[in-house]
Amino acid sequence: MAHTFSNDVEAADGIANAYKKLTSEIAKVVVGQDDVVRLILTGIFCHGHSLLVGVPGLAKTLLVQTIATSMDLDFKRIQFTPDLMPSDIVGAETLDKERNFQFIKGPVFANIILADEINRTPPKTQAALLEAMQENAVTIAGKQYRLPNPFFVLATQNPIEQEGTYPLPEAQLDRFMFNIFLDYPSFKQEVEIVKKTTAEETNEVAKVLSSQEIVSFQQLVRRVPIADNVVDYAVKLCHNTRPGENGSSLANDLLEWGAGPRASQFLVLGAKCNALINGKYSPDIEDVRAVAKPVLRHRMVRNFKAEAEGISIDDVINKILAL
């Protein structure tokens, strides 16, 4: 099933074709959400984790499941609840019949983890994912266990119910490459969803990519050449979010906290992948702008003035992109 490419140009064409096939397979099951699908697939090709924010019933779980199927990846869903323990995620050591300790792997040992309603669990349990997301490994009783490759966390968060939730700490938020907003479907899309989901027939999703191909595409994204002015633009965007002496007057006016260097890295990686899936061999400034909102929105904190005036984080990003 895996293709071997003789050079990077051929591989770049391969990733664009794979992206087209993936989106058409996903569209068999998931109606609309094109931008969300583009960003999740971009995150996967960049070896990045994504946070999906949307009200219940927008097919977040179905979307992630469908993507895992089309990529022939092992998929596990973890429902985060207030009583979930770290061992419920990473696994634990138990005594076997011979009274020896044996490690039983938790659900985190899969290619794609759907961390459902991640903000419903206390920080101690949220932190169990931190090492996995950063190191692609977990440590139990002093011993490190490698996670399968590729490995992605796609976490969902409900934006409306603040009761009984534990906001994600900044350190954990920063590990997510993208913060993706899911919106309600249009009237026409909703009609199609209702027809699809209330009929008997179900569409089978074909497997488009193997795990080896995904890993080779991730390596390819890093090899994509990028012009200095595009890197400068990405770094300047991040600098314009930071209040302080070197920050923009906009940041000083509306923000408490700005995006760190990891945002600049993700802007460049995201731009490289966005160029590839659109059939280009090198990214330009438009590719950086195409991933700016999901990269920046969870790395900036509005100040009291912005909150009081009802200026959302996306409004602030729009102003920064217009500078």
# chains A, B, ... in the order shown; residues from 1 in each chain; ligands from 1

call {"tool": "closest_atom_pairs", "arguments": {"of": "range 63-97 of chain A", "to": "range 204-208 of chain A", "cutoff": "8 Å", "atoms": "only C-alpha atoms", "output": "CSV"}}
result
residue,atom,partner,partner_atom,distance
A:Thr66,CA,A:Val205,CA,7.2
A:Thr69,CA,A:Lys207,CA,6.4
A:Ser70,CA,A:Lys207,CA,4.3
A:Met71,CA,A:Lys207,CA,5.7
A:Asp72,CA,A:Lys207,CA,5.6

call {"tool": "write_last_selection", "arguments": {"atoms": "C-alpha atoms", "output": "tab-separated table (two decimals), in the first residue's frame"}}
result
chain	number	residue	atom	x	y	z
A	66	THR	CA	-13.56	8.90	10.33
A	69	THR	CA	-10.30	5.07	9.66
A	70	SER	CA	-9.26	6.80	6.42
A	71	MET	CA	-5.65	6.80	7.65
A	72	ASP	CA	-5.68	3.18	8.80

call {"tool": "residues_around", "arguments": {"residues": "Asp174 in chain A", "least_positions_apart": "6", "cutoff": "8 Å", "atoms": "only C-alpha atoms", "output": "PyMOL selection string"}}
result
chain A and resi 262+298-299

call {"tool": "write_last_selection", "arguments": {"atoms": "N, CA and C atoms", "output": "PDB file, in the first residue's frame"}}
result
ATOM      1  N   ARG A 262       6.965  28.986  20.439  1.00  0.00           N
ATOM      2  CA  ARG A 262       6.373  27.775  19.862  1.00  0.00           C
ATOM      3  C   ARG A 262       5.334  28.142  18.802  1.00  0.00           C
ATOM      4  N   HIS A 298      -5.224  30.251  21.200  1.00  0.00           N
ATOM      5  CA  HIS A 298      -5.147  29.714  22.566  1.00  0.00           C
ATOM      6  C   HIS A 298      -3.841  30.105  23.255  1.00  0.00           C
ATOM      7  N   ARG A 299      -3.058  30.985  22.598  1.00  0.00           N
ATOM      8  CA  ARG A 299      -1.776  31.395  23.180  1.00  0.00           C
ATOM      9  C   ARG A 299      -1.785  32.859  23.605  1.00  0.00           C
TER      10      ARG A 299
END

call {"tool": "closest_atom_pairs", "arguments": {"of": "range 107-176 of chain A", "to": "range 75-97 of chain A", "cutoff": "9 Å", "atoms": "only C-alpha atoms", "output": "Markdown table"}}
result
| residue | atom | partner | partner_atom | distance |
| --- | --- | --- | --- | --- |
| A:Pro107 | CA | A:Ile89 | CA | 5.7 |
| A:Val108 | CA | A:Val90 | CA | 5.5 |
| A:Phe109 | CA | A:Val90 | CA | 7.5 |
| A:Ala110 | CA | A:Phe75 | CA | 5.9 |
| A:Asn111 | CA | A:Phe75 | CA | 6.1 |
| A:Ile112 | CA | A:Phe75 | CA | 4.9 |
| A:Ile113 | CA | A:Lys76 | CA | 5.1 |
| A:Leu114 | CA | A:Arg77 | CA | 4.6 |
| A:Ala115 | CA | A:Ile78 | CA | 5.2 |
| A:Asp116 | CA | A:Gln79 | CA | 4.9 |
| A:Glu117 | CA | A:Phe80 | CA | 5.7 |
| A:Ile118 | CA | A:Phe80 | CA | 5.5 |
| A:Asn119 | CA | A:Phe80 | CA | 7.6 |
| A:Arg120 | CA | A:Thr81 | CA | 5.3 |
| A:Thr121 | CA | A:Pro82 | CA | 4.4 |
| A:Pro122 | CA | A:Pro82 | CA | 6.2 |
| A:Lys124 | CA | A:Pro86 | CA | 7.2 |
| A:Thr125 | CA | A:Pro86 | CA | 4.7 |
| A:Gln126 | CA | A:Pro86 | CA | 7.8 |
| A:Ala127 | CA | A:Pro86 | CA | 8.0 |
| A:Ala128 | CA | A:Pro86 | CA | 5.4 |
| A:Leu129 | CA | A:Ile89 | CA | 7.8 |
| A:Ala132 | CA | A:Val90 | CA | 8.6 |
| A:Val138 | CA | A:Val90 | CA | 6.9 |
| A:Thr139 | CA | A:Val90 | CA | 8.6 |
| A:Ile140 | CA | A:Ala92 | CA | 7.2 |
| A:Ala141 | CA | A:Glu93 | CA | 8.1 |
| A:Gly164 | CA | A:Pro82 | CA | 7.9 |
| A:Thr165 | CA | A:Pro82 | CA | 8.3 |

call {"tool": "write_last_selection", "arguments": {"atoms": "N, CA and C atoms", "output": "JSON list (two decimals), in the first residue's frame"}}
result
[["chain", "number", "residue", "atom", "x", "y", "z"],
["A", 107, "PRO", "N", -5.29, 3.33, 27.44],
["A", 107, "PRO", "CA", -5.77, 3.69, 26.10],
["A", 107, "PRO", "C", -4.88, 4.69, 25.35],
["A", 108, "VAL", "N", -3.92, 5.33, 26.07],
["A", 108, "VAL", "CA", -3.04, 6.29, 25.40],
["A", 108, "VAL", "C", -2.13, 5.61, 24.36],
["A", 109, "PHE", "N", -2.02, 4.27, 24.45],
["A", 109, "PHE", "CA", -1.18, 3.53, 23.50],
["A", 109, "PHE", "C", -1.96, 3.26, 22.21],
["A", 110, "ALA", "N", -2.16, 4.32, 21.44],
["A", 110, "ALA", "CA", -2.84, 4.22, 20.14],
["A", 110, "ALA", "C", -2.29, 5.34, 19.28],
["A", 111, "ASN", "N", -2.60, 5.31, 17.97],
["A", 111, "ASN", "CA", -2.09, 6.37, 17.08],
["A", 111, "ASN", "C", -2.84, 7.69, 17.25],
["A", 112, "ILE", "N", -4.17, 7.58, 17.34],
["A", 112, "ILE", "CA", -4.98, 8.79, 17.54],
["A", 112, "ILE", "C", -5.78, 8.65, 18.82],
["A", 113, "ILE", "N", -5.61, 9.62, 19.71],
["A", 113, "ILE", "CA", -6.36, 9.64, 20.96],
["A", 113, "ILE", "C", -7.38, 10.77, 20.87],
["A", 114, "LEU", "N", -8.64, 10.42, 21.08],
["A", 114, "LEU", "CA", -9.65, 11.47, 21.20],
["A", 114, "LEU", "C", -9.87, 11.71, 22.69],
["A", 115, "ALA", "N", -9.37, 12.84, 23.18],
["A", 115, "ALA", "CA", -9.55, 13.18, 24.59],
["A", 115, "ALA", "C", -10.84, 13.99, 24.68],
["A", 116, "ASP", "N", -11.95, 13.29, 24.94],
["A", 116, "ASP", "CA", -13.26, 13.92, 24.88],
["A", 116, "ASP", "C", -13.54, 14.74, 26.13],
["A", 117, "GLU", "N", -13.89, 16.00, 25.94],
["A", 117, "GLU", "CA", -14.18, 16.93, 27.04],
["A", 117, "GLU", "C", -13.03, 16.97, 28.04],
["A", 118, "ILE", "N", -11.87, 17.32, 27.52],
["A", 118, "ILE", "CA", -10.63, 17.28, 28.31],
["A", 118, "ILE", "C", -10.70, 18.20, 29.53],
["A", 119, "ASN", "N", -11.51, 19.27, 29.46],
["A", 119, "ASN", "CA", -11.56, 20.21, 30.59],
["A", 119, "ASN", "C", -12.50, 19.76, 31.71],
["A", 120, "ARG", "N", -13.01, 18.52, 31.62],
["A", 120, "ARG", "CA", -13.88, 18.01, 32.69],
["A", 120, "ARG", "C", -13.10, 17.28, 33.78],
["A", 121, "THR", "N", -11.80, 17.10, 33.56],
["A", 121, "THR", "CA", -11.02, 16.30, 34.51],
["A", 121, "THR", "C", -10.02, 17.20, 35.26],
["A", 122, "PRO", "N", -9.69, 16.87, 36.52],
["A", 122, "PRO", "CA", -8.78, 17.73, 37.29],
["A", 122, "PRO", "C", -7.37, 17.82, 36.66],
["A", 124, "LYS", "N", -4.42, 17.15, 37.64],
["A", 124, "LYS", "CA", -3.53, 16.00, 37.83],
["A", 124, "LYS", "C", -3.70, 14.99, 36.69],
["A", 125, "THR", "N", -4.95, 14.76, 36.29],
["A", 125, "THR", "CA", -5.22, 13.80, 35.21],
["A", 125, "THR", "C", -4.89, 14.42, 33.85],
["A", 126, "GLN", "N", -5.19, 15.71, 33.69],
["A", 126, "GLN", "CA", -4.82, 16.39, 32.44],
["A", 126, "GLN", "C", -3.30, 16.27, 32.22],
["A", 127, "ALA", "N", -2.54, 16.39, 33.32],
["A", 127, "ALA", "CA", -1.07, 16.35, 33.22],
["A", 127, "ALA", "C", -0.56, 14.99, 32.75],
["A", 128, "ALA", "N", -1.37, 13.94, 32.92],
["A", 128, "ALA", "CA", -0.95, 12.61, 32.46],
["A", 128, "ALA", "C", -0.74, 12.60, 30.95],
["A", 129, "LEU", "N", -1.43, 13.50, 30.25],
["A", 129, "LEU", "CA", -1.27, 13.57, 28.80],
["A", 129, "LEU", "C", -0.05, 14.41, 28.40],
["A", 132, "ALA", "N", 3.05, 12.47, 27.35],
["A", 132, "ALA", "CA", 2.73, 11.75, 26.12],
["A", 132, "ALA", "C", 2.75, 12.68, 24.91],
["A", 138, "VAL", "N", 5.47, 7.55, 27.86],
["A", 138, "VAL", "CA", 4.97, 7.73, 29.23],
["A", 138, "VAL", "C", 5.91, 7.02, 30.19],
["A", 139, "THR", "N", 6.00, 7.52, 31.42],
["A", 139, "THR", "CA", 6.88, 6.92, 32.42],
["A", 139, "THR", "C", 6.03, 6.36, 33.55],
["A", 140, "ILE", "N", 6.19, 5.04, 33.79],
["A", 140, "ILE", "CA", 5.46, 4.38, 34.88],
["A", 140, "ILE", "C", 6.49, 3.72, 35.79],
["A", 141, "ALA", "N", 6.41, 4.06, 37.06],
["A", 141, "ALA", "CA", 7.32, 3.48, 38.07],
["A", 141, "ALA", "C", 8.78, 3.57, 37.61],
["A", 164, "GLY", "N", -18.32, 22.78, 36.70],
["A", 164, "GLY", "CA", -17.67, 21.47, 36.81],
["A", 164, "GLY", "C", -16.56, 21.26, 35.80],
["A", 165, "THR", "N", -15.96, 22.34, 35.32],
["A", 165, "THR", "CA", -14.83, 22.17, 34.40],
["A", 165, "THR", "C", -13.55, 22.74, 35.02]]

call {"tool": "select_by_dssp", "arguments": {"residues": "range 43-224 of chain A", "states": "strand (DSSP E or B)", "output": "PyMOL selection string"}}
result
chain A and resi 49-53+75-79+91-95+101-105+112-116+137-140+143-146+152-157+176-181

call {"tool": "select_by_dssp", "arguments": {"residues": "range 146-291 of chain A", "states": "helix (DSSP H, G or I)", "output": "PyMOL selection string"}}
result
chain A and resi 170-173+187-197+211-223+228-239+249-254+261-277+285-291

call {"tool": "residues_around", "arguments": {"residues": "Phe266 in chain A", "least_positions_apart": "4", "cutoff": "8 Å", "atoms": "only C-alpha atoms", "output": "ChimeraX atom specification"}}
result
/A:177,262,270,295

call {"tool": "closest_residue", "arguments": {"among": "A:Ala263, A:Leu250, A:Val288, A:Leu276", "to": "Val316 in chain A", "atoms": "only C-alpha atoms"}}
result
A:Leu250

call {"tool": "closest_residue", "arguments": {"among": "A:Asn229, A:Asn240, A:Gln212, A:Gln189", "to": "Ile317 in chain A", "atoms": "only C-alpha atoms"}}
result
A:Asn240

call {"tool": "atom_distance", "arguments": {"atom1": "CA of Thr61 in chain A", "atom2": "CA of Leu220 in chain A"}}
result
28.6 Å

call {"tool": "residues_around", "arguments": {"residues": "range 41-47 of chain A", "least_positions_apart": "6", "cutoff": "10 Å", "atoms": "only C-alpha atoms", "output": "PDB file with C-alpha atoms, in the first residue's frame"}}
result
ATOM      1  CA  ILE A  15       0.799  14.598  -0.242  1.00  0.00           C
ATOM      2  CA  TYR A  19      -5.104  15.161   0.909  1.00  0.00           C
ATOM      3  CA  LEU A  22      -8.724  11.925   2.344  1.00  0.00           C
ATOM      4  CA  THR A  23     -11.117  14.868   2.148  1.00  0.00           C
ATOM      5  CA  ASP A  35     -11.972  24.104   7.214  1.00  0.00           C
ATOM      6  CA  ILE A  67     -10.109  10.497   9.958  1.00  0.00           C
ATOM      7  CA  ILE A 112      -4.977   8.792  17.536  1.00  0.00           C
ATOM      8  CA  ASN A 149       4.341   6.374  15.849  1.00  0.00           C
ATOM      9  CA  PRO A 150       2.539   8.411  14.557  1.00  0.00           C
ATOM     10  CA  PHE A 151       0.814   9.661  17.723  1.00  0.00           C
ATOM     11  CA  PHE A 152      -1.749  12.486  17.962  1.00  0.00           C
ATOM     12  CA  VAL A 153      -4.004  13.867  20.627  1.00  0.00           C
ATOM     13  CA  LEU A 154      -7.211  15.433  19.360  1.00  0.00           C
ATOM     14  CA  PHE A 176      -1.611  21.956  21.056  1.00  0.00           C
ATOM     15  CA  MET A 177      -0.576  23.126  17.611  1.00  0.00           C
ATOM     16  CA  PHE A 178      -4.108  24.251  16.717  1.00  0.00           C
ATOM     17  CA  ILE A 214       2.075   9.600   7.303  1.00  0.00           C
ATOM     18  CA  VAL A 215       5.505   9.494   8.970  1.00  0.00           C
ATOM     19  CA  SER A 216       7.247  10.076   5.610  1.00  0.00           C
ATOM     20  CA  PHE A 217       4.910  13.020   4.866  1.00  0.00           C
ATOM     21  CA  GLN A 218       5.715  14.490   8.310  1.00  0.00           C
ATOM     22  CA  GLN A 219       9.419  14.333   7.456  1.00  0.00           C
ATOM     23  CA  LEU A 220       8.724  15.875   4.035  1.00  0.00           C
ATOM     24  CA  VAL A 221       6.892  18.874   5.593  1.00  0.00           C
ATOM     25  CA  ARG A 222      10.033  19.698   7.594  1.00  0.00           C
ATOM     26  CA  PHE A 266       3.877  26.122  14.384  1.00  0.00           C
ATOM     27  CA  LEU A 269       5.264  24.293   9.939  1.00  0.00           C
ATOM     28  CA  GLY A 270       1.569  24.914   9.307  1.00  0.00           C
ATOM     29  CA  ALA A 271       2.390  27.216   6.368  1.00  0.00           C
ATOM     30  CA  LYS A 272       4.694  24.574   4.841  1.00  0.00           C
ATOM     31  CA  CYS A 273       1.967  21.930   5.044  1.00  0.00           C
ATOM     32  CA  ASN A 274      -0.741  24.314   3.820  1.00  0.00           C
ATOM     33  CA  LEU A 276       1.907  21.272   0.065  1.00  0.00           C
ATOM     34  CA  ILE A 277      -1.765  20.295   0.315  1.00  0.00           C
ATOM     35  CA  VAL A 291      -3.089  28.942   9.875  1.00  0.00           C
TER      36      VAL A 291
END

call {"tool": "atom_distance", "arguments": {"atom1": "CA of Ala290 in chain A", "atom2": "CA of Ser50 in chain A"}}
result
15.7 Å

call {"tool": "residues_around", "arguments": {"residues": "Leu237 in chain A", "least_positions_apart": "5", "cutoff": "10 Å", "atoms": "only C-alpha atoms", "output": "list in words"}}
result
Val231, Asp232, Arg242, Ser248, Ala259, Ala263, Ser264, Leu267, Val288, Arg289, Ala292, Leu296, Ile317, Ile320, Leu321 and Leu323 of chain A

call {"tool": "residues_around", "arguments": {"residues": "Leu63 in chain A", "least_positions_apart": "2", "cutoff": "10 Å", "atoms": "only C-alpha atoms", "output": "ChimeraX atom specification"}}
result
/A:26-27,29-31,33,36-37,40,58-61,65-69

call {"tool": "write_last_selection", "arguments": {"atoms": "N, CA and C atoms", "output": "mmCIF file, in the first residue's frame"}}
result
data_model
loop_
_atom_site.group_PDB
_atom_site.id
_atom_site.type_symbol
_atom_site.label_atom_id
_atom_site.label_comp_id
_atom_site.auth_asym_id
_atom_site.auth_seq_id
_atom_site.Cartn_x
_atom_site.Cartn_y
_atom_site.Cartn_z
ATOM 1 N N ILE A 26 -13.609 11.466 3.776
ATOM 2 C CA ILE A 26 -14.205 12.006 5.016
ATOM 3 C C ILE A 26 -15.572 12.609 4.714
ATOM 4 N N ALA A 27 -15.694 13.249 3.536
ATOM 5 C CA ALA A 27 -16.965 13.889 3.152
ATOM 6 C C ALA A 27 -18.102 12.878 2.961
ATOM 7 N N VAL A 29 -18.918 10.753 5.083
ATOM 8 C CA VAL A 29 -19.536 10.576 6.406
ATOM 9 C C VAL A 29 -19.837 11.919 7.072
ATOM 10 N N VAL A 30 -18.887 12.853 6.963
ATOM 11 C CA VAL A 30 -19.017 14.143 7.654
ATOM 12 C C VAL A 30 -19.432 15.211 6.648
ATOM 13 N N VAL A 31 -20.543 15.868 6.926
ATOM 14 C CA VAL A 31 -21.057 16.908 6.022
ATOM 15 C C VAL A 31 -20.451 18.256 6.417
ATOM 16 N N GLN A 33 -17.866 21.207 7.388
ATOM 17 C CA GLN A 33 -16.670 21.287 8.253
ATOM 18 C C GLN A 33 -15.366 21.191 7.446
ATOM 19 N N VAL A 36 -12.341 22.734 9.176
ATOM 20 C CA VAL A 36 -11.941 21.934 10.342
ATOM 21 C C VAL A 36 -11.133 20.714 9.879
ATOM 22 N N VAL A 37 -11.624 20.048 8.829
ATOM 23 C CA VAL A 37 -10.920 18.875 8.279
ATOM 24 C C VAL A 37 -9.537 19.281 7.773
ATOM 25 N N ILE A 40 -7.252 19.831 10.856
ATOM 26 C CA ILE A 40 -6.880 18.590 11.558
ATOM 27 C C ILE A 40 -5.848 17.813 10.731
ATOM 28 N N LEU A 58 -21.894 18.392 17.282
ATOM 29 C CA LEU A 58 -21.360 18.854 15.992
ATOM 30 C C LEU A 58 -20.477 17.794 15.330
ATOM 31 N N ALA A 59 -20.637 16.539 15.739
ATOM 32 C CA ALA A 59 -19.946 15.386 15.130
ATOM 33 C C ALA A 59 -18.438 15.420 15.304
ATOM 34 N N LYS A 60 -17.985 15.938 16.460
ATOM 35 C CA LYS A 60 -16.530 15.973 16.709
ATOM 36 C C LYS A 60 -15.965 14.551 16.781
ATOM 37 N N THR A 61 -16.655 13.683 17.551
ATOM 38 C CA THR A 61 -16.180 12.297 17.712
ATOM 39 C C THR A 61 -16.223 11.560 16.379
ATOM 40 N N GLN A 65 -13.023 9.908 14.402
ATOM 41 C CA GLN A 65 -13.100 8.473 14.095
ATOM 42 C C GLN A 65 -12.942 8.222 12.591
ATOM 43 N N THR A 66 -13.606 9.042 11.784
ATOM 44 C CA THR A 66 -13.560 8.902 10.326
ATOM 45 C C THR A 66 -12.143 9.164 9.808
ATOM 46 N N ILE A 67 -11.491 10.187 10.363
ATOM 47 C CA ILE A 67 -10.109 10.497 9.958
ATOM 48 C C ILE A 67 -9.196 9.323 10.300
ATOM 49 N N ALA A 68 -9.364 8.757 11.502
ATOM 50 C CA ALA A 68 -8.540 7.610 11.913
ATOM 51 C C ALA A 68 -8.743 6.431 10.970
ATOM 52 N N THR A 69 -9.994 6.183 10.565
ATOM 53 C CA THR A 69 -10.297 5.068 9.655
ATOM 54 C C THR A 69 -9.662 5.294 8.285
#

call {"tool": "closest_residue", "arguments": {"among": "A:Lys188, A:Leu130, A:Thr156, A:Ala227", "to": "Pro169 in chain A", "atoms": "only C-alpha atoms"}}
result
A:Leu130

call {"tool": "closest_residue", "arguments": {"among": "A:Asn278, A:Val194, A:Asp74, A:Leu147", "to": "Arg38 in chain A", "atoms": "only C-alpha atoms"}}
result
A:Asn278

call {"tool": "closest_residue", "arguments": {"among": "A:Ala322, A:Ala137, A:Ala275, A:Leu51", "to": "Arg175 in chain A", "atoms": "only C-alpha atoms"}}
result
A:Leu51
